[in-house]
Structures are given as C-alpha cells and as structure tokens.
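Please read the structure below before turning to the comments.
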Amino acid sequence: MIAVENTTLVLLAAGQSTRFGDADKLDEPFLGRALGLHVAVALEDMPFAERIAVVDSCRIDYGAHGYRVVPNPDATNGMASSVAIGVAAAKARGADAVLVALADMPRVTAAHVFRLFDASTGPDSVVASSDGTHPVPPALFGRDRFDFLLSLKGSSGARDLVRAGRHVITSPAELIDIDTPADLERLRELIHSPEAITRATARRTRE
C-alpha cells in the first residue's frame with residue numbers, strides 16, 4: 001500500500017473555465033468560502049509529504065493553506081499540462097506517488113481519499129474515484145506511472161489508464177464537479193447553502 005506520508009498532493013486549480021462565463025468559478029462563494037478552497041480544507045489534516053497547487057488566474061491564496069503554488073503558463077492547452085507540472089515537481093522531490101485532485105470538486109472528503117490509499121498496491125498503482133459508472137478524480141498514481149503522466153497532452157490522455165486501474169466507489173454527490181453557473185446553483189440549492197437562500201430572497205425582492 002502507498003503511504004500518504006510519501007505522496008504529493010497535486011491540486012489542479014488552473015484552466016479556462018469557459019463554460020462558466022467571465023467569472024473564475026474557483027473564486028465563487030460556496031458555504032462561506034471560495035469554491036476552489038473546499039477540497040484544500042477537506043484534505044488539510046492528511047499527512048502528505050508535500051502539497052502543490054497548480055494555478056493560473058484564481059485569486060485563492062493556497063500558500064496560506066500549506067501549498068507550494070506553481071503557475072501554469074499553458075493552462076489553455078488542457079489539464080495534462082497542469083498534471084505534468086505537478087508530477088514533475090513530485091518526481092523531483094522523490095515522491096512515491098501523486099494524488100491528483102480537482103479544485104472544482106468541493107464535496108470530496110478525506111475519508112474517501114484515505115480509501116484510495118487503502119486500495120493501492122505499490123508503485124504501479126492507479127486508483128481512481130467512481131460514482132459506480134465513471135472513473136474520475138481524485139486519483140492516485142504510483143511513481144511507476146509518472147513518466148506516462150508526463151507524456152500526456154490535452155485533456156483526456158490519462159482516460160484509458162484510469163479506466164484500466166482500480167476504482168473506489170463513493171456517492172455521486174461527493175464527486176460533483178462544477179462546470180457551469182447552473183451546476184453551482186443546483187449544488188447550493190441541494191444543500192441549502194446560505195448563498196442559495198440569499199439569491200432566492202433577491203429574486204423574490206425583484207419580483
């Protein structure tokens with residue numbers, strides 16, 4: 001089994017968010033903090049060897065939460081460029097594995113991520129999350145997979161690798177990712193967040 005203490009957490013917080021409009025979705029308020037900060041806080045007590053946040057335009061101060069912040073100047077080229085930046089940093093530090101998480105998945109829990117480690121078997125491990133149908137991040141990759149991850153291009157290069165790996169099933173609600181303003185509004189309403197209540201009040205006032 002891969003140890004958390006020998007693993008680098010790579011948080012992907014770069015990207016164009018083109019489906020979200022002009023705003024940076026990671027900066028949007030959700031349950032009293034920025035959307036893109038939730039997963040960082042959820043995993044803050046896990047004893048990772050290092051935490052790296054790969055960023056471009058969001059205003060979140062990941063450094064204040066123990067992350068080494070690394071900019072991605074090529075975020076328009078897809079997620080693979082951010083993965084490569086994080087994996088290269090982890091490899092240079094001698095990490096046994098990387099745990100790749102997305103900053104736009106605000107419902108991920110530490111309990112689930114620990115289960116990914118429980119399902120790992122060694123340096124060639126690939127363990128992804130799943131809602132029972134589709135494998136998605138967070139995903140754990142052993143060091144024998146680093147060179148492959150570094151060779152990826154675009155946004156979907158790791159898909160076949162992840163599909164062939166082990167999958168740890170959790171509730172679909174935990175694996176919600178936010179792509180559009182409508183996604184965020186549905187999530188706010190689903191969990192009765194203060195932002196949803198404020199917006200509903202504002203709508204009634206306008207009417």
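As shown in the structure tokens, the chain order sets the letters A, B, ...; within each chain, residues go from 1, and ligands are also counted from 1 in the order they appear.
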
May I have a table of the residues of segment 19-68 of chain A lying at most 12 Å from segment 99-110 of chain A, giving each one's closest pair of atoms and their distance in Å to one decimal, counting only C-alpha atoms, ordered by chain and ascending residue number, as CSV?
```
residue,atom,partner,partner_atom,distance
A:Phe20,CA,A:Asp104,CA,11.5
A:Asp24,CA,A:Asp104,CA,10.6
A:Lys25,CA,A:Asp104,CA,7.8
A:Leu26,CA,A:Asp104,CA,6.4
A:Asp27,CA,A:Asp104,CA,10.0
A:Glu28,CA,A:Asp104,CA,10.4
A:Pro29,CA,A:Pro106,CA,11.2
A:Phe30,CA,A:Pro106,CA,8.7
A:Leu31,CA,A:Pro106,CA,10.0
A:Arg33,CA,A:Pro106,CA,10.5
A:Ala34,CA,A:Pro106,CA,9.5
A:Leu35,CA,A:Pro106,CA,6.3
A:Gly36,CA,A:Ala103,CA,4.8
A:Leu37,CA,A:Ala103,CA,7.0
A:His38,CA,A:Pro106,CA,5.0
A:Val39,CA,A:Pro106,CA,5.4
A:Ala40,CA,A:Ala103,CA,7.7
A:Val41,CA,A:Thr109,CA,9.5
A:Ala42,CA,A:Thr109,CA,5.8
A:Leu43,CA,A:Ala110,CA,5.3
A:Glu44,CA,A:Ala110,CA,8.5
A:Asp45,CA,A:Ala110,CA,8.2
A:Met46,CA,A:Ala110,CA,7.3
A:Pro47,CA,A:Ala110,CA,11.0
A:Phe48,CA,A:Leu99,CA,9.3
A:Ala49,CA,A:Leu99,CA,11.0
A:Glu50,CA,A:Leu99,CA,10.5
A:Arg51,CA,A:Leu99,CA,9.5
A:Ile52,CA,A:Val100,CA,9.8
A:Ala53,CA,A:Ala103,CA,9.0
A:Val54,CA,A:Ala103,CA,9.7
A:Val55,CA,A:Ala103,CA,9.8
A:Cys58,CA,A:Ala103,CA,10.6
A:Ile60,CA,A:Ala103,CA,10.7
A:Tyr62,CA,A:Ala103,CA,10.8
```

Inset, instruction - List the neighbours of segment 142-155 of chain A out to 12 Å using only C-alpha atoms; skip same-chain residues closer than 3 positions along the sequence, and give me the result as a ChimeraX atom specification. - result: /A:1-4,6-8,15,74-100,116-117,119-128,139,158-162,165

Inset, instruction - Quick one: pull the distance between atom CA of Pro137 of chain A and atom CA of Ala173 of chain A, Å, one decimal. - result: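 Interatomic distance, atom CA of Pro137 of chain A to atom CA of Ala173 of chain A: 13.5 Å.
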